[in-house]
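Text of structure25.tsv (TSV, C-alpha atoms) as supplied:
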chain	number	residue	atom	x	y	z
A	1	MET	CA	-7.28	14.20	15.77
A	2	LYS	CA	-6.52	17.47	17.50
A	3	LEU	CA	-6.05	16.77	21.18
A	4	ASP	CA	-5.99	19.51	23.80
A	5	LEU	CA	-4.84	18.43	27.26
A	6	LEU	CA	-6.00	20.36	30.33
A	7	ARG	CA	-4.56	19.64	33.75
A	8	HIS	CA	-6.90	19.90	36.70
A	9	GLY	CA	-6.52	22.87	39.03
A	10	GLU	CA	-5.45	23.13	42.65
A	11	THR	CA	-7.18	20.66	44.98
A	12	GLU	CA	-8.43	20.90	48.56
A	13	ARG	CA	-5.61	18.80	49.98
A	14	GLY	CA	-2.95	20.78	48.15
A	15	GLY	CA	0.17	19.54	46.44
A	16	GLY	CA	2.11	16.38	46.80
A	17	PHE	CA	1.50	12.95	45.41
A	18	ARG	CA	-2.27	12.95	44.70
A	19	GLY	CA	-2.46	9.92	42.40
A	20	SER	CA	-5.58	7.96	43.29
A	21	LEU	CA	-6.83	10.35	45.97
A	22	ASP	CA	-10.09	11.92	44.91
A	23	ASP	CA	-10.18	15.37	46.49
A	24	ALA	CA	-12.16	18.27	45.07
A	25	LEU	CA	-11.00	21.47	43.40
A	26	THR	CA	-10.58	24.67	45.40
A	27	ASP	CA	-12.03	27.95	44.14
A	28	THR	CA	-8.53	28.72	42.86
A	29	GLY	CA	-8.48	25.36	41.06
A	30	TRP	CA	-11.77	26.13	39.31
A	31	ALA	CA	-10.42	29.54	38.27
A	32	GLN	CA	-7.18	27.99	36.95
A	33	MET	CA	-9.12	25.58	34.74
A	34	ARG	CA	-11.55	28.22	33.48
A	35	SER	CA	-8.59	30.43	32.62
A	36	GLY	CA	-6.84	27.52	30.88
A	37	VAL	CA	-9.67	27.07	28.39
A	38	ALA	CA	-10.80	30.71	28.10
A	39	GLU	CA	-9.12	31.33	24.74
A	40	ALA	CA	-9.11	27.69	23.56
A	41	GLY	CA	-11.35	25.46	21.52
A	42	PRO	CA	-13.61	24.87	19.82
A	43	TRP	CA	-13.94	21.17	20.52
A	44	ASP	CA	-16.23	18.43	19.24
A	45	VAL	CA	-16.03	16.20	22.31
A	46	LEU	CA	-14.85	16.19	25.92
A	47	VAL	CA	-13.02	13.30	27.57
A	48	SER	CA	-12.09	13.20	31.25
A	49	SER	CA	-10.52	11.20	34.00
A	50	PRO	CA	-13.30	10.05	36.33
A	51	LEU	CA	-11.62	11.56	39.42
A	52	GLN	CA	-13.62	14.56	40.64
A	53	ARG	CA	-10.78	17.08	40.26
A	54	CYS	CA	-11.13	16.53	36.51
A	55	ALA	CA	-14.69	15.26	36.13
A	56	ALA	CA	-16.44	18.15	37.90
A	57	PHE	CA	-14.93	20.70	35.53
A	58	ALA	CA	-15.58	18.48	32.51
A	59	ARG	CA	-19.26	18.29	33.52
A	60	GLU	CA	-19.39	22.07	33.81
A	61	LEU	CA	-18.00	22.39	30.27
A	62	GLU	CA	-20.41	19.73	29.02
A	63	GLN	CA	-23.33	21.82	30.28
A	64	ARG	CA	-21.93	25.17	29.16
A	65	LEU	CA	-20.80	24.06	25.68
A	66	GLY	CA	-23.39	21.36	24.99
A	67	LEU	CA	-20.73	18.83	24.03
A	68	PRO	CA	-20.73	15.08	24.57
A	69	LEU	CA	-18.63	13.96	27.57
A	70	HIS	CA	-16.90	10.60	27.94
A	71	PHE	CA	-14.95	9.25	30.93
A	72	ASP	CA	-11.97	6.92	30.70
A	73	ALA	CA	-10.51	5.41	33.88
A	74	ASP	CA	-7.24	4.70	32.07
A	75	LEU	CA	-6.61	8.46	31.96
A	76	ARG	CA	-6.37	8.78	35.75
A	77	GLU	CA	-3.12	9.70	37.47
A	78	LEU	CA	-0.28	7.33	38.40
A	79	HIS	CA	-1.01	5.49	41.65
A	80	PHE	CA	1.75	6.36	44.14
A	81	GLY	CA	1.11	3.55	46.63
A	82	GLN	CA	2.38	4.39	50.11
A	83	TRP	CA	3.31	7.87	48.92
A	84	GLU	CA	-0.34	8.82	48.25
A	85	GLY	CA	-1.27	12.09	49.95
A	86	ARG	CA	2.27	12.88	51.06
A	87	SER	CA	4.34	15.87	50.04
A	88	ALA	CA	7.88	15.74	48.72
A	89	ALA	CA	9.02	17.50	51.92
A	90	GLU	CA	7.47	14.74	54.05
A	91	LEU	CA	9.02	12.04	51.90
A	92	MET	CA	12.43	13.70	52.13
A	93	GLU	CA	12.38	13.03	55.88
A	94	GLU	CA	11.79	9.28	55.63
A	95	HIS	CA	12.32	8.26	52.00
A	96	ALA	CA	14.87	10.71	50.61
A	97	GLU	CA	16.77	8.06	48.68
A	98	GLY	CA	13.64	6.61	47.07
A	99	LEU	CA	12.30	10.06	46.22
A	100	GLY	CA	15.59	10.96	44.57
A	101	LEU	CA	15.57	7.73	42.57
A	102	PHE	CA	11.98	8.36	41.48
A	103	TRP	CA	12.66	11.95	40.36
A	104	ASN	CA	15.83	10.93	38.52
A	105	ASP	CA	14.35	7.91	36.74
A	106	PRO	CA	10.73	7.02	37.51
A	107	TYR	CA	10.95	4.08	35.10
A	108	SER	CA	13.54	2.43	37.34
A	109	PHE	CA	12.00	3.18	40.75
A	110	THR	CA	8.41	2.64	41.86
A	111	PRO	CA	7.06	4.04	45.13
A	112	PRO	CA	6.26	1.22	47.61
A	113	ASP	CA	2.99	-0.50	46.57
A	114	GLY	CA	2.69	1.97	43.68
A	115	GLU	CA	2.02	1.54	40.00
A	116	THR	CA	5.08	1.08	37.79
A	117	LEU	CA	5.72	3.73	35.16
A	118	GLN	CA	5.71	0.96	32.56
A	119	ASP	CA	2.16	-0.05	33.54
A	120	PHE	CA	1.06	3.59	33.73
A	121	GLU	CA	2.52	4.30	30.29
A	122	ALA	CA	0.85	1.20	28.81
A	123	ARG	CA	-2.62	2.14	30.08
A	124	VAL	CA	-2.32	5.82	29.08
A	125	MET	CA	-1.03	4.98	25.60
A	126	ALA	CA	-3.79	2.37	25.14
A	127	ALA	CA	-6.35	5.02	26.11
A	128	GLY	CA	-4.75	7.42	23.63
A	129	GLU	CA	-5.04	4.83	20.86
A	130	ARG	CA	-8.72	4.27	21.69
A	131	LEU	CA	-9.33	8.02	21.58
A	132	HIS	CA	-7.65	8.26	18.18
A	133	GLU	CA	-9.69	5.36	16.80
A	134	ARG	CA	-12.97	6.72	18.17
A	135	PHE	CA	-12.50	10.43	17.50
A	136	ALA	CA	-10.21	10.55	14.43
A	137	GLY	CA	-10.63	13.84	12.60
A	138	GLN	CA	-12.24	15.53	15.60
A	139	ARG	CA	-11.14	18.15	18.14
A	140	VAL	CA	-10.95	16.63	21.61
A	141	LEU	CA	-10.41	18.27	25.00
A	142	LEU	CA	-8.97	15.81	27.51
A	143	VAL	CA	-9.30	16.91	31.15
A	144	THR	CA	-6.72	14.91	33.07
A	145	HIS	CA	-3.72	14.85	35.40
A	146	GLY	CA	-0.16	16.14	35.40
A	147	GLY	CA	1.38	12.70	34.98
A	148	VAL	CA	-0.81	11.81	32.00
A	149	ILE	CA	-0.03	15.12	30.30
A	150	ARG	CA	3.68	14.86	31.14
A	151	LEU	CA	3.81	11.41	29.51
A	152	LEU	CA	1.92	12.43	26.34
A	153	VAL	CA	3.87	15.68	25.90
A	154	ALA	CA	7.19	13.87	26.43
A	155	ARG	CA	6.16	11.40	23.72
A	156	ALA	CA	5.16	14.23	21.38
A	157	ARG	CA	8.54	15.92	21.98
A	158	GLN	CA	10.29	12.57	21.49
A	159	LEU	CA	12.11	12.95	24.79
A	160	PRO	CA	14.03	10.00	26.19
A	161	ARG	CA	12.45	8.34	29.23
A	162	ALA	CA	15.10	9.85	31.49
A	163	GLN	CA	13.76	13.35	30.68
A	164	LEU	CA	10.10	12.63	31.53
A	165	MET	CA	10.18	14.59	34.78
A	166	GLN	CA	11.58	17.65	32.98
A	167	VAL	CA	8.19	18.31	31.38
A	168	GLU	CA	6.54	21.00	33.51
A	169	VAL	CA	2.74	20.90	33.81
A	170	ALA	CA	1.11	23.63	35.88
A	171	HIS	CA	-2.40	23.50	37.36
A	172	GLY	CA	-4.93	24.51	34.72
A	173	GLU	CA	-2.32	24.49	31.95
A	174	LEU	CA	-3.43	23.58	28.41
A	175	PHE	CA	-1.26	21.70	25.90
A	176	ARG	CA	-2.09	21.21	22.22
A	177	LEU	CA	-1.20	17.98	20.43
A	178	ALA	CA	-2.04	16.34	17.14
A	179	VAL	CA	-2.52	12.58	16.90
A	180	ASP	CA	-2.26	10.67	13.63
A	181	GLU	CA	-0.87	7.44	12.18
A	182	ILE	CA	2.67	8.69	12.83
A	183	GLY	CA	2.00	9.35	16.50
A	184	LEU	CA	1.87	12.43	18.72
A	185	ARG	CA	3.24	15.86	17.97
A	186	GLU	CA	2.82	19.30	19.50
A	187	ARG	CA	0.86	21.92	17.61
A	188	PRO	CA	0.77	25.69	18.04
For this file, write the structure as structure tokens.
Amino acid sequence: MKLDLLRHGETERGGGFRGSLDDALTDTGWAQMRSGVAEAGPWDVLVSSPLQRCAAFARELEQRLGLPLHFDADLRELHFGQWEGRSAAELMEEHAEGLGLFWNDPYSFTPPDGETLQDFEARVMAAGERLHERFAGQRVLLVTHGGVIRLLVARARQLPRAQLMQVEVAHGELFRLAVDEIGLRERP
């Protein structure tokens, strides 16, 4: 399976820990996503996180390209618990130590009331396996979140867990992976 990963664009509430928050794309966010796929494809199927910052663009592509669209809740972003909706600058004022621990090793530190990285990884990888089983041999565009992409790209690059946060994922950025029996790998 050829798997293209597209991160959603800028959202109305801006940066920070968005996780489970379901805010809409800005005009800039729409433009970032359109630009991200402008020279990409073709695809056989679209898959999206159900959160509107991904789903709205996926629906637009469904209509424009006439492709089937599927939603998978397991491809939503990491839930950041009490950090939801807060910026790193805000967290530095009250939770500097925790924020530092999270950035240095998110597998060892979970934001208060948040989802563990182990649970996040398990659900994303299970979703990836389902995609591979269902769409083997096809070209899939997955419209999703920075954390999901970061995890899958880190796996494809065979990075150790400690280097997860070193994978940069910009708004509207497209990554190309291949998925087979061996696992994930990047493709040109």
Taking all listed atoms of range 18-29 of chain A, build the axis-aligned box, pad each of the six sides by 4 Å, then write its centre and edge lengths in Å to one decimal as lines of an AutoDock Vina configuration file.
center_x = -7.2
center_y = 18.3
center_z = 43.8
size_x = 17.9
size_y = 28.8
size_z = 13.4
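From CA of Glu97 in chain A back to CA of Arg150 in chain A, the distance works out to 22.9 Å.
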Nearest residue to Gly147 in chain A from the set A:Trp30, A:Phe109, A:Phe80, A:Phe135 (distances using all atoms listed in the file):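 Between A:Trp30, A:Phe109, A:Phe80, A:Phe135, the residue approaching Gly147 in chain A most closely is A:Phe80.
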Between CA of Val124 in chain A and CA of Arg185 in chain A, distance in Å (one decimal): 16.0 Å
Between range 50-118 of chain A and range 8-21 of chain A, at 6 Å or less, what are the per-residue closest atom pairs and their distances in Å? Count all atoms listed in the file, order by chain and rising residue number, and return it as CSV.
residue,atom,partner,partner_atom,distance
A:Arg53,CA,A:His8,CA,6.0
A:Cys54,CA,A:His8,CA,5.4
A:Glu77,CA,A:Gly19,CA,5.0
A:Leu78,CA,A:Gly19,CA,5.2
A:His79,CA,A:Gly19,CA,4.7
A:Phe80,CA,A:Gly19,CA,5.8
A:Glu84,CA,A:Phe17,CA,5.3
A:Gly85,CA,A:Phe17,CA,5.4
A:Arg86,CA,A:Gly16,CA,5.5
A:Ser87,CA,A:Gly16,CA,4.0
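When all atoms listed in the file are used to measure the gap to Arg176 in chain A, the shortest distance among A:Ala31, A:Leu3, A:Leu151, A:Ser49 belongs to A:Leu3.
Of the residues listed (A:Leu142, A:Ala56, A:Ala127, A:Leu91), A:Leu91 shows the shortest atom-to-atom separation from Pro112 in chain A; distances use only C-alpha atoms.
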field: Using all atoms listed in the file: which of A:Leu75, A:Val167, A:Ala162, A:Leu61 has the shortest distance to Asp44 in chain A
entry: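 Counting all atoms listed in the file, the residue closest to Asp44 in chain A is A:Leu61.
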field: Surrounding residues of Pro188 in chain A excluding itself and chain neighbours under 2 positions, 10 Å, all atoms listed in the file, as a ChimeraX atom specification
entry: /A:175-178,186
- prompt: In Å, how far is it from CA of Leu46 in chain A to CA of Arg130 in chain A?
  reply: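 Taking CA of Leu46 in chain A and CA of Arg130 in chain A, their separation equals 14.1 Å.
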Would you list the contacts of Thr110 in chain A as an mmCIF file with C-alpha atoms, in the frame of the given file, taking every protein, DNA or RNA residue within 12 Å and counting all atoms listed in the file, but skipping same-chain residues closer than 2 positions in sequence?
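Result went into out.cif, see below:
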data_model
loop_
_atom_site.group_PDB
_atom_site.id
_atom_site.type_symbol
_atom_site.label_atom_id
_atom_site.label_comp_id
_atom_site.auth_asym_id
_atom_site.auth_seq_id
_atom_site.Cartn_x
_atom_site.Cartn_y
_atom_site.Cartn_z
ATOM 1 C CA LEU A 78 -0.280 7.330 38.400
ATOM 2 C CA HIS A 79 -1.010 5.490 41.650
ATOM 3 C CA PHE A 80 1.750 6.360 44.140
ATOM 4 C CA GLY A 81 1.110 3.550 46.630
ATOM 5 C CA GLN A 82 2.380 4.390 50.110
ATOM 6 C CA TRP A 83 3.310 7.870 48.920
ATOM 7 C CA GLY A 98 13.640 6.610 47.070
ATOM 8 C CA LEU A 99 12.300 10.060 46.220
ATOM 9 C CA GLY A 100 15.590 10.960 44.570
ATOM 10 C CA LEU A 101 15.570 7.730 42.570
ATOM 11 C CA PHE A 102 11.980 8.360 41.480
ATOM 12 C CA TRP A 103 12.660 11.950 40.360
ATOM 13 C CA ASN A 104 15.830 10.930 38.520
ATOM 14 C CA ASP A 105 14.350 7.910 36.740
ATOM 15 C CA PRO A 106 10.730 7.020 37.510
ATOM 16 C CA TYR A 107 10.950 4.080 35.100
ATOM 17 C CA SER A 108 13.540 2.430 37.340
ATOM 18 C CA PRO A 112 6.260 1.220 47.610
ATOM 19 C CA ASP A 113 2.990 -0.500 46.570
ATOM 20 C CA GLY A 114 2.690 1.970 43.680
ATOM 21 C CA GLU A 115 2.020 1.540 40.000
ATOM 22 C CA THR A 116 5.080 1.080 37.790
ATOM 23 C CA LEU A 117 5.720 3.730 35.160
ATOM 24 C CA GLN A 118 5.710 0.960 32.560
ATOM 25 C CA ASP A 119 2.160 -0.050 33.540
ATOM 26 C CA PHE A 120 1.060 3.590 33.730
#
query: Using only C-alpha atoms, can you list as a ChimeraX atom specification the residues within 10 Å of (-7.8, 25.6, 35.5)?
result: /A:6-10,25,27-38,54,57,143,170-174
Which of A:His145, A:His132, A:Arg64, A:His95 sits closest to Gln52 in chain A [using all atoms listed in the file]: A:His145
message: For a quick check of your reading of the model, name the residues lying within 12 Å of the coordinate (-2.7, 9.4, 8.3), counting all atoms listed in the file, and write them as a ChimeraX atom specification.
response: /A:1,132-133,136-137,178-184
message: Nearest residue to Arg59 in chain A out of A:Glu93, A:Val47, A:Asp72, A:Thr144, using all atoms listed in the file?
response: A:Val47
message: Need to verify the contact set: Pro68 in chain A, 7 Å, all atoms listed in the file, exclusion of same-chain residues closer than 2 positions in sequence. Can you return it as a PyMOL selection string?
response: chain A and resi 45-46+62+66+70
All heavy atoms are what I want for range 139-150 of chain A; can you complete it accordingly and write them as a compact mmCIF listing (two decimals), in the frame of the given file?
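Writing done, so here's rebuild_2.txt:
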# COMPACT_ATOMS: atom_id res chain seq x y z
N ARG A 139 -11.87 17.32 17.17
CA ARG A 139 -11.14 18.15 18.14
C ARG A 139 -11.60 17.72 19.52
O ARG A 139 -12.78 17.86 19.87
CB ARG A 139 -11.45 19.61 17.89
CG ARG A 139 -11.00 20.08 16.49
CD ARG A 139 -11.65 21.36 16.09
NE ARG A 139 -13.11 21.13 16.07
CZ ARG A 139 -14.00 22.04 15.71
NH1 ARG A 139 -13.62 23.23 15.33
NH2 ARG A 139 -15.29 21.78 15.72
N VAL A 140 -10.65 17.23 20.31
CA VAL A 140 -10.95 16.63 21.61
C VAL A 140 -10.27 17.43 22.71
O VAL A 140 -9.09 17.76 22.61
CB VAL A 140 -10.47 15.16 21.66
CG1 VAL A 140 -10.72 14.55 23.03
CG2 VAL A 140 -11.13 14.34 20.56
N LEU A 141 -11.02 17.72 23.78
CA LEU A 141 -10.41 18.27 25.00
C LEU A 141 -10.37 17.15 26.02
O LEU A 141 -11.40 16.58 26.37
CB LEU A 141 -11.22 19.44 25.57
CG LEU A 141 -10.72 19.95 26.93
CD1 LEU A 141 -9.29 20.51 26.83
CD2 LEU A 141 -11.66 21.00 27.50
N LEU A 142 -9.17 16.83 26.48
CA LEU A 142 -8.97 15.81 27.51
C LEU A 142 -8.65 16.52 28.82
O LEU A 142 -7.65 17.24 28.92
CB LEU A 142 -7.83 14.87 27.11
CG LEU A 142 -7.35 13.88 28.15
CD1 LEU A 142 -8.48 13.00 28.66
CD2 LEU A 142 -6.22 13.04 27.59
N VAL A 143 -9.50 16.34 29.82
CA VAL A 143 -9.30 16.91 31.15
C VAL A 143 -8.68 15.80 32.01
O VAL A 143 -9.33 14.79 32.27
CB VAL A 143 -10.63 17.41 31.75
CG1 VAL A 143 -10.39 18.07 33.11
CG2 VAL A 143 -11.33 18.38 30.80
N THR A 144 -7.44 16.01 32.42
CA THR A 144 -6.72 14.91 33.07
C THR A 144 -5.69 15.43 34.08
O THR A 144 -5.81 16.53 34.60
CB THR A 144 -6.12 13.98 31.99
OG1 THR A 144 -5.63 12.79 32.59
CG2 THR A 144 -5.03 14.65 31.19
N HIS A 145 -4.68 14.64 34.32
CA HIS A 145 -3.72 14.85 35.40
C HIS A 145 -2.32 15.19 34.87
O HIS A 145 -1.99 14.88 33.73
CB HIS A 145 -3.65 13.60 36.27
CG HIS A 145 -5.00 13.16 36.74
ND1 HIS A 145 -5.59 13.66 37.87
CD2 HIS A 145 -5.89 12.28 36.20
CE1 HIS A 145 -6.79 13.12 38.03
NE2 HIS A 145 -7.00 12.29 37.03
N GLY A 146 -1.52 15.75 35.76
CA GLY A 146 -0.16 16.14 35.40
C GLY A 146 0.67 15.00 34.84
O GLY A 146 1.38 15.17 33.85
N GLY A 147 0.59 13.82 35.45
CA GLY A 147 1.38 12.70 34.98
C GLY A 147 0.98 12.23 33.59
O GLY A 147 1.83 11.89 32.76
N VAL A 148 -0.31 12.21 33.32
CA VAL A 148 -0.81 11.81 32.00
C VAL A 148 -0.31 12.80 30.95
O VAL A 148 0.21 12.41 29.89
CB VAL A 148 -2.35 11.72 31.98
CG1 VAL A 148 -2.88 11.48 30.58
CG2 VAL A 148 -2.83 10.63 32.94
N ILE A 149 -0.46 14.08 31.24
CA ILE A 149 -0.03 15.12 30.30
C ILE A 149 1.48 15.06 30.11
O ILE A 149 1.99 15.13 28.99
CB ILE A 149 -0.48 16.50 30.78
CG1 ILE A 149 -2.02 16.57 30.75
CG2 ILE A 149 0.14 17.60 29.93
CD1 ILE A 149 -2.61 17.81 31.39
N ARG A 150 2.22 14.93 31.21
CA ARG A 150 3.68 14.86 31.14
C ARG A 150 4.10 13.72 30.20
O ARG A 150 4.97 13.90 29.34
CB ARG A 150 4.24 14.64 32.55
CG ARG A 150 5.75 14.61 32.61
CD ARG A 150 6.23 14.50 34.06
NE ARG A 150 6.05 15.80 34.71
CZ ARG A 150 5.24 16.03 35.76
NH1 ARG A 150 4.56 15.04 36.29
NH2 ARG A 150 5.16 17.23 36.26
